[in-house]
Amino acid sequence: MFEKHRNSKQEPIVPQTQQDTFVTPVNTAAGSGRSAIIGPGIHINGEISGDENLLVEGKVDGKISLDLHQVEIGQTGRVNANITAKVIKIAGEVRGDITGTEKVIILRSGNVHGNIVAPRMTLEDGAIFKGSIDMDPGETVNTKSAGPAKKVQEKVIEKADESPKVVTSGKLNDSKSYSLNGG
Amino acid sequence: MSFFHDHEARISQKKIGELNSMVTGTPGAELTPGVPAMSRTQQTLLFPTLVRRFKQDRRLSVLEIGPALPETVAFFSQFRCRLHFAAMYTDPVLQLQTGEHTEDELAEHISQSFGFRKETRFDLCLFWDFLNYLDDKALRAFNTALRPYLHQSTRAHAFTVRTLNTRFPNQQYGIEQAHMFSIRPRSGKQAHTSPHTQAILVNLLSSFDIDQGMLLPDGRLEILMTACLQEQAAGTNTGPK
């Protein structure tokens with residue numbers, strides 16, 4: 001599924017186990033310093049939770065819960081899911097309810113259809129939004145989660161040009177285990 | 001009789017003069033292709049009276065019938081509020097109204113397009129000039145669809161016309177400040193307009209009464225309305241389905 005990554009000479013040196021997964025952790029200046037990427041050719045159907053930032057450039061159907069971290073939906077990202085995170089930045093398309101415990105930002109290329117709850121909200125010029133925004137400048141949003149979730153679960157993982165394929169397991173790095181359940 | 005006409009004319013001219021001095025930017029700039037989106041602002045004397053009624057101790061529920069604009073979001077971010085953007089200018093109802101659809105079918109379509117929660121009750125509705133894009137049948141349907149989400153104190157802001165030959169430029173509105181709206185050209189082809197005078201409007205949009213009106217330089221009327229829900233209070237309308 002990811003043979004082309006193995007064959008690329010310019011590929012950064014990462015643990016072998018990481019190359020077997022659909023997400024690639026990278027260092028970023030923002031947030032906690034680590035970020036996982038769902039590439040543009042990836043389609044995830046299920047629930048995503050975890051303990052690092054996430055950049056979505058592919059498709060996600062289901063639910064994204066990263067209560068203490070940042071979720072960014074890139075320009076090629078297509079998300080049909082409810083999203084909960086500390087900071088949520090959207091440059092792609094989102095259909096679903098969004099809860100940002102700190103802030104939600106819809107960038108100019110963003111297209112959002114759903115309800116947003118956030119103490120602070122920024123909408124850039126050119127962004128498309130239909131739905132409601134719950135704003136309260138005096139308080140932060142409480143979520144049900146009491147602490148960071150440790151697990152990432154996905155049911156169906158597929159490349160856009162391939163038939164659905166189930167990945168049974170894989171490790172992202174030494175400290176985090178990603179359990180991928182077939183569905 | 002002529003005294004009243006002259007007096008009325010003098011007042012209208014005075015108001016027009018005052019408001020002419022308040023509109024900034026180049027008149028008609030929004031009609032020129034390629035003009036930057038943020039081209040004009042327009043002062044409003046009526047909207048601040050609504051803002052002064054906002055209460056800090058309760059969450060405000062606002063319906064913006066148009067698209068979400070950054071300045072509107074920024075303006076309401078200073079309040080505890082739930083801001084609903086219905087984006088109705090791009091809704092298919094503007095095309096459906098010219099077809100064979102019945103008033104009930106249009107009302108059902110609008111209600112589904114709204115997608116509001118059952119318990120939603122708006123304190124403030126921002127119609128801008130949207131009501132003038134609906135023909136009589138569609139406006140009655142809009143009234144039917146919106147009515148369940150109003151309460152006795154719901155207020156509304158809109159633009160209507162004094163005479164039916166008044167033109168509505170293809171533009172969209174935002175709120176820069178309580179006393180100042182932003183006016184931007186709307187992209188895409190303008191939908192067919194069906195302007196309504198005050199008298200017609202209150203008949204078709206029966207959920208509201210007009211409280212105040214202000215004549216604008218281009219012939220539009222800026223109006224404030226309050227919900228008028230006697231029938232609902234009598235039990236003929238029990239809320240959203």
# chains A, B, ... in the order shown; residues from 1 in each chain; ligands from 1
>>> closest_atom_pairs(of="chain B", to="chain A", cutoff="9 Å", atoms="only C-alpha atoms", output="JSON lines")
{"residue": "B:Arg59", "atom": "CA", "partner": "A:Asp136", "partner_atom": "CA", "distance": 8.5}
{"residue": "B:Leu63", "atom": "CA", "partner": "A:Ser132", "partner_atom": "CA", "distance": 8.8}
{"residue": "B:Pro67", "atom": "CA", "partner": "A:Phe129", "partner_atom": "CA", "distance": 7.1}
{"residue": "B:Ala68", "atom": "CA", "partner": "A:Phe129", "partner_atom": "CA", "distance": 5.9}
{"residue": "B:Leu69", "atom": "CA", "partner": "A:Asp125", "partner_atom": "CA", "distance": 6.8}
{"residue": "B:Pro70", "atom": "CA", "partner": "A:Leu123", "partner_atom": "CA", "distance": 5.0}
{"residue": "B:Glu71", "atom": "CA", "partner": "A:Leu123", "partner_atom": "CA", "distance": 8.5}
{"residue": "B:Val73", "atom": "CA", "partner": "A:Leu123", "partner_atom": "CA", "distance": 7.0}
{"residue": "B:Ala74", "atom": "CA", "partner": "A:Thr122", "partner_atom": "CA", "distance": 7.3}
{"residue": "B:Phe76", "atom": "CA", "partner": "A:Met135", "partner_atom": "CA", "distance": 8.1}
{"residue": "B:Ser77", "atom": "CA", "partner": "A:Met135", "partner_atom": "CA", "distance": 6.1}
{"residue": "B:Gln78", "atom": "CA", "partner": "A:Pro137", "partner_atom": "CA", "distance": 6.3}
{"residue": "B:Phe79", "atom": "CA", "partner": "A:Asp136", "partner_atom": "CA", "distance": 6.6}
{"residue": "B:Arg80", "atom": "CA", "partner": "A:Asp136", "partner_atom": "CA", "distance": 4.5}
{"residue": "B:Cys81", "atom": "CA", "partner": "A:Met135", "partner_atom": "CA", "distance": 5.4}
{"residue": "B:Arg82", "atom": "CA", "partner": "A:Asp134", "partner_atom": "CA", "distance": 4.3}
{"residue": "B:Leu83", "atom": "CA", "partner": "A:Ile133", "partner_atom": "CA", "distance": 5.0}
{"residue": "B:His84", "atom": "CA", "partner": "A:Ser132", "partner_atom": "CA", "distance": 4.0}
{"residue": "B:Phe85", "atom": "CA", "partner": "A:Gly131", "partner_atom": "CA", "distance": 5.3}
{"residue": "B:Ala86", "atom": "CA", "partner": "A:Lys130", "partner_atom": "CA", "distance": 6.0}
{"residue": "B:Ala87", "atom": "CA", "partner": "A:Lys130", "partner_atom": "CA", "distance": 6.1}
{"residue": "B:Phe114", "atom": "CA", "partner": "A:Gly131", "partner_atom": "CA", "distance": 8.6}
{"residue": "B:Gly115", "atom": "CA", "partner": "A:Gly131", "partner_atom": "CA", "distance": 8.3}
{"residue": "B:Phe116", "atom": "CA", "partner": "A:Gly131", "partner_atom": "CA", "distance": 8.6}
>>> residues_around(residues="Val93 in chain B", least_positions_apart="6", cutoff="9 Å", atoms="only C-alpha atoms", output="PyMOL selection string")
chain B and resi 106+109-110+134+138
>>> closest_atom_pairs(of="range 87-128 of chain A", to="range 54-60 of chain A", cutoff="10 Å", atoms="only C-alpha atoms", output="tab-separated table")
residue	atom	partner	partner_atom	distance
A:Ile88	CA	A:Leu54	CA	9.7
A:Lys89	CA	A:Leu55	CA	9.3
A:Ile90	CA	A:Val56	CA	9.5
A:Ala91	CA	A:Glu57	CA	9.6
A:Gly92	CA	A:Glu57	CA	8.2
A:Glu93	CA	A:Lys59	CA	9.5
A:Val94	CA	A:Val60	CA	9.4
>>> residues_around(residues="Ile210 in chain B", least_positions_apart="6", cutoff="10 Å", atoms="only C-alpha atoms", output="PDB file with C-alpha atoms, in the first residue's frame")
ATOM      1  CA  ARG B 155     -37.020  41.513  16.641  1.00  0.00           C
ATOM      2  CA  ALA B 156     -35.996  41.691  13.012  1.00  0.00           C
ATOM      3  CA  HIS B 157     -34.106  43.985  10.717  1.00  0.00           C
ATOM      4  CA  ALA B 158     -34.716  44.213   6.980  1.00  0.00           C
ATOM      5  CA  GLN B 198     -44.333  47.941   3.562  1.00  0.00           C
ATOM      6  CA  ALA B 199     -48.063  47.373   3.257  1.00  0.00           C
ATOM      7  CA  LEU B 201     -44.764  42.981   3.247  1.00  0.00           C
ATOM      8  CA  VAL B 202     -46.685  42.995   6.523  1.00  0.00           C
ATOM      9  CA  ILE B 223     -37.070  48.687   8.877  1.00  0.00           C
ATOM     10  CA  LEU B 224     -37.229  47.175  12.337  1.00  0.00           C
ATOM     11  CA  MET B 225     -39.907  44.629  13.105  1.00  0.00           C
ATOM     12  CA  THR B 226     -41.286  42.828  16.133  1.00  0.00           C
ATOM     13  CA  ALA B 227     -42.831  39.386  16.101  1.00  0.00           C
ATOM     14  CA  CYS B 228     -46.602  39.290  15.999  1.00  0.00           C
TER      15      CYS B 228
END
>>> atom_distance(atom1="CA of Val79 in chain A", atom2="CA of Ser113 in chain B")
20.7 Å
>>> residues_around(residues="Tyr89 in chain B", least_positions_apart="2", cutoff="12 Å", atoms="only C-alpha atoms", output="ChimeraX atom specification")
/A:130 /B:64-68,85-87,91-95,110,113,127-134,170-173,186-193
>>> select_by_dssp(residues="range 22-152 of chain B", states="strand (DSSP E or B)", output="list in words")
Thr24, Arg40, Thr41, Gln42, Gln43, Leu60, Ser61, Val62, Leu63, Glu64, Cys81, Arg82, Leu83, His84, Phe85, Phe122, Asp123, Leu124, Cys125, Leu126, Phe127, Trp128, Leu150, His151 and Gln152 of chain B
>>> residues_around(residues="Phe181 in chain B", least_positions_apart="3", cutoff="10 Å", atoms="only C-alpha atoms", output="list in words")
Val23, Arg40, Thr41, Gln42, Gln43, Thr44, Phe47, Glu71, Thr72, Gln172, Tyr173, Gly174, Ile175, Glu176, Gln177, Ala178 and Arg184 of chain B
>>> closest_residue(among="B:Ser182, B:Thr120, B:Ser207, B:Asn165", to="Gln152 in chain B", atoms="only C-alpha atoms")
B:Ser207
>>> decode(residues="range 99-140 of chain A", atoms="N, CA and C atoms", output="mmCIF file, in the first residue's frame")
data_model
loop_
_atom_site.group_PDB
_atom_site.id
_atom_site.type_symbol
_atom_site.label_atom_id
_atom_site.label_comp_id
_atom_site.auth_asym_id
_atom_site.auth_seq_id
_atom_site.Cartn_x
_atom_site.Cartn_y
_atom_site.Cartn_z
ATOM 1 N N THR A 99 -16.431 21.286 17.968
ATOM 2 C CA THR A 99 -16.254 21.878 19.290
ATOM 3 C C THR A 99 -14.781 22.209 19.494
ATOM 4 N N GLY A 100 -14.495 23.473 19.616
ATOM 5 C CA GLY A 100 -13.127 23.919 19.878
ATOM 6 C C GLY A 100 -13.058 24.475 21.285
ATOM 7 N N THR A 101 -12.320 23.803 22.159
ATOM 8 C CA THR A 101 -12.297 24.252 23.556
ATOM 9 C C THR A 101 -11.562 25.576 23.692
ATOM 10 N N GLU A 102 -10.737 25.913 22.730
ATOM 11 C CA GLU A 102 -10.038 27.195 22.770
ATOM 12 C C GLU A 102 -10.430 28.083 21.588
ATOM 13 N N LYS A 103 -10.341 27.557 20.404
ATOM 14 C CA LYS A 103 -10.592 28.408 19.244
ATOM 15 C C LYS A 103 -10.912 27.580 18.000
ATOM 16 N N VAL A 104 -11.746 28.136 17.141
ATOM 17 C CA VAL A 104 -12.010 27.547 15.827
ATOM 18 C C VAL A 104 -11.705 28.600 14.770
ATOM 19 N N ILE A 105 -10.960 28.198 13.759
ATOM 20 C CA ILE A 105 -10.592 29.115 12.678
ATOM 21 C C ILE A 105 -11.006 28.488 11.356
ATOM 22 N N ILE A 106 -11.813 29.204 10.592
ATOM 23 C CA ILE A 106 -12.146 28.744 9.242
ATOM 24 C C ILE A 106 -11.379 29.632 8.266
ATOM 25 N N LEU A 107 -10.439 29.037 7.559
ATOM 26 C CA LEU A 107 -9.602 29.793 6.636
ATOM 27 C C LEU A 107 -10.371 30.088 5.352
ATOM 28 N N ARG A 108 -9.782 30.930 4.510
ATOM 29 C CA ARG A 108 -10.518 31.444 3.347
ATOM 30 C C ARG A 108 -10.950 30.343 2.377
ATOM 31 N N SER A 109 -10.226 29.253 2.352
ATOM 32 C CA SER A 109 -10.602 28.150 1.455
ATOM 33 C C SER A 109 -11.532 27.149 2.152
ATOM 34 N N GLY A 110 -11.883 27.415 3.397
ATOM 35 C CA GLY A 110 -12.688 26.478 4.178
ATOM 36 C C GLY A 110 -14.159 26.495 3.780
ATOM 37 N N ASN A 111 -14.784 25.336 3.887
ATOM 38 C CA ASN A 111 -16.209 25.198 3.588
ATOM 39 C C ASN A 111 -16.805 24.307 4.683
ATOM 40 N N VAL A 112 -17.595 24.886 5.548
ATOM 41 C CA VAL A 112 -18.085 24.170 6.731
ATOM 42 C C VAL A 112 -19.605 24.196 6.766
ATOM 43 N N HIS A 113 -20.183 23.031 7.007
ATOM 44 C CA HIS A 113 -21.636 22.923 7.178
ATOM 45 C C HIS A 113 -21.866 22.161 8.482
ATOM 46 N N GLY A 114 -22.260 22.893 9.515
ATOM 47 C CA GLY A 114 -22.460 22.245 10.809
ATOM 48 C C GLY A 114 -22.557 23.284 11.913
ATOM 49 N N ASN A 115 -22.571 22.801 13.115
ATOM 50 C CA ASN A 115 -22.694 23.703 14.255
ATOM 51 C C ASN A 115 -21.363 23.770 15.003
ATOM 52 N N ILE A 116 -20.994 24.982 15.363
ATOM 53 C CA ILE A 116 -19.695 25.205 15.991
ATOM 54 C C ILE A 116 -19.905 25.712 17.411
ATOM 55 N N VAL A 117 -19.164 25.135 18.345
ATOM 56 C CA VAL A 117 -19.142 25.650 19.720
ATOM 57 C C VAL A 117 -17.704 26.001 20.046
ATOM 58 N N ALA A 118 -17.470 27.249 20.393
ATOM 59 C CA ALA A 118 -16.107 27.681 20.709
ATOM 60 C C ALA A 118 -16.166 29.037 21.414
ATOM 61 N N PRO A 119 -15.270 29.264 22.366
ATOM 62 C CA PRO A 119 -15.251 30.570 23.006
ATOM 63 C C PRO A 119 -14.780 31.665 22.051
ATOM 64 N N ARG A 120 -13.901 31.282 21.120
ATOM 65 C CA ARG A 120 -13.435 32.248 20.131
ATOM 66 C C ARG A 120 -13.529 31.638 18.744
ATOM 67 N N MET A 121 -13.901 32.475 17.810
ATOM 68 C CA MET A 121 -14.157 31.983 16.459
ATOM 69 C C MET A 121 -13.615 33.000 15.469
ATOM 70 N N THR A 122 -12.863 32.520 14.489
ATOM 71 C CA THR A 122 -12.375 33.403 13.429
ATOM 72 C C THR A 122 -12.810 32.843 12.086
ATOM 73 N N LEU A 123 -13.398 33.706 11.290
ATOM 74 C CA LEU A 123 -13.840 33.323 9.952
ATOM 75 C C LEU A 123 -13.090 34.221 8.973
ATOM 76 N N GLU A 124 -12.303 33.623 8.111
ATOM 77 C CA GLU A 124 -11.562 34.442 7.154
ATOM 78 C C GLU A 124 -12.437 34.821 5.967
ATOM 79 N N ASP A 125 -12.078 35.899 5.348
ATOM 80 C CA ASP A 125 -12.798 36.396 4.185
ATOM 81 C C ASP A 125 -12.776 35.350 3.076
ATOM 82 N N GLY A 126 -13.922 34.998 2.563
ATOM 83 C CA GLY A 126 -14.003 34.003 1.498
ATOM 84 C C GLY A 126 -14.418 32.627 1.985
ATOM 85 N N ALA A 127 -14.353 32.410 3.289
ATOM 86 C CA ALA A 127 -14.770 31.122 3.840
ATOM 87 C C ALA A 127 -16.281 30.952 3.678
ATOM 88 N N ILE A 128 -16.705 29.709 3.513
ATOM 89 C CA ILE A 128 -18.136 29.406 3.372
ATOM 90 C C ILE A 128 -18.588 28.655 4.611
ATOM 91 N N PHE A 129 -19.659 29.148 5.213
ATOM 92 C CA PHE A 129 -20.151 28.503 6.428
ATOM 93 C C PHE A 129 -21.668 28.521 6.449
ATOM 94 N N LYS A 130 -22.253 27.382 6.759
ATOM 95 C CA LYS A 130 -23.690 27.322 7.011
ATOM 96 C C LYS A 130 -23.902 26.514 8.276
ATOM 97 N N GLY A 131 -24.626 27.108 9.217
ATOM 98 C CA GLY A 131 -24.860 26.437 10.495
ATOM 99 C C GLY A 131 -24.899 27.464 11.605
ATOM 100 N N SER A 132 -24.633 27.007 12.804
ATOM 101 C CA SER A 132 -24.685 27.935 13.936
ATOM 102 C C SER A 132 -23.338 27.994 14.639
ATOM 103 N N ILE A 133 -23.114 29.118 15.285
ATOM 104 C CA ILE A 133 -21.892 29.305 16.067
ATOM 105 C C ILE A 133 -22.305 29.693 17.483
ATOM 106 N N ASP A 134 -21.893 28.877 18.437
ATOM 107 C CA ASP A 134 -22.104 29.213 19.848
ATOM 108 C C ASP A 134 -20.870 29.901 20.358
ATOM 109 N N MET A 135 -21.017 31.151 20.713
ATOM 110 C CA MET A 135 -19.854 31.906 21.178
ATOM 111 C C MET A 135 -20.098 32.428 22.579
ATOM 112 N N ASP A 136 -19.071 32.337 23.394
ATOM 113 C CA ASP A 136 -19.126 32.930 24.722
ATOM 114 C C ASP A 136 -17.735 33.437 25.065
ATOM 115 N N PRO A 137 -17.512 34.732 24.919
ATOM 116 C CA PRO A 137 -16.169 35.261 25.113
ATOM 117 C C PRO A 137 -15.664 35.110 26.543
ATOM 118 N N GLY A 138 -16.575 34.781 27.472
ATOM 119 C CA GLY A 138 -16.159 34.760 28.866
ATOM 120 C C GLY A 138 -15.792 33.406 29.417
ATOM 121 N N GLU A 139 -15.932 32.355 28.636
ATOM 122 C CA GLU A 139 -15.665 31.037 29.192
ATOM 123 C C GLU A 139 -15.103 30.104 28.140
ATOM 124 N N THR A 140 -14.447 29.028 28.620
ATOM 125 C CA THR A 140 -13.959 28.013 27.699
ATOM 126 C C THR A 140 -14.961 26.878 27.668
#
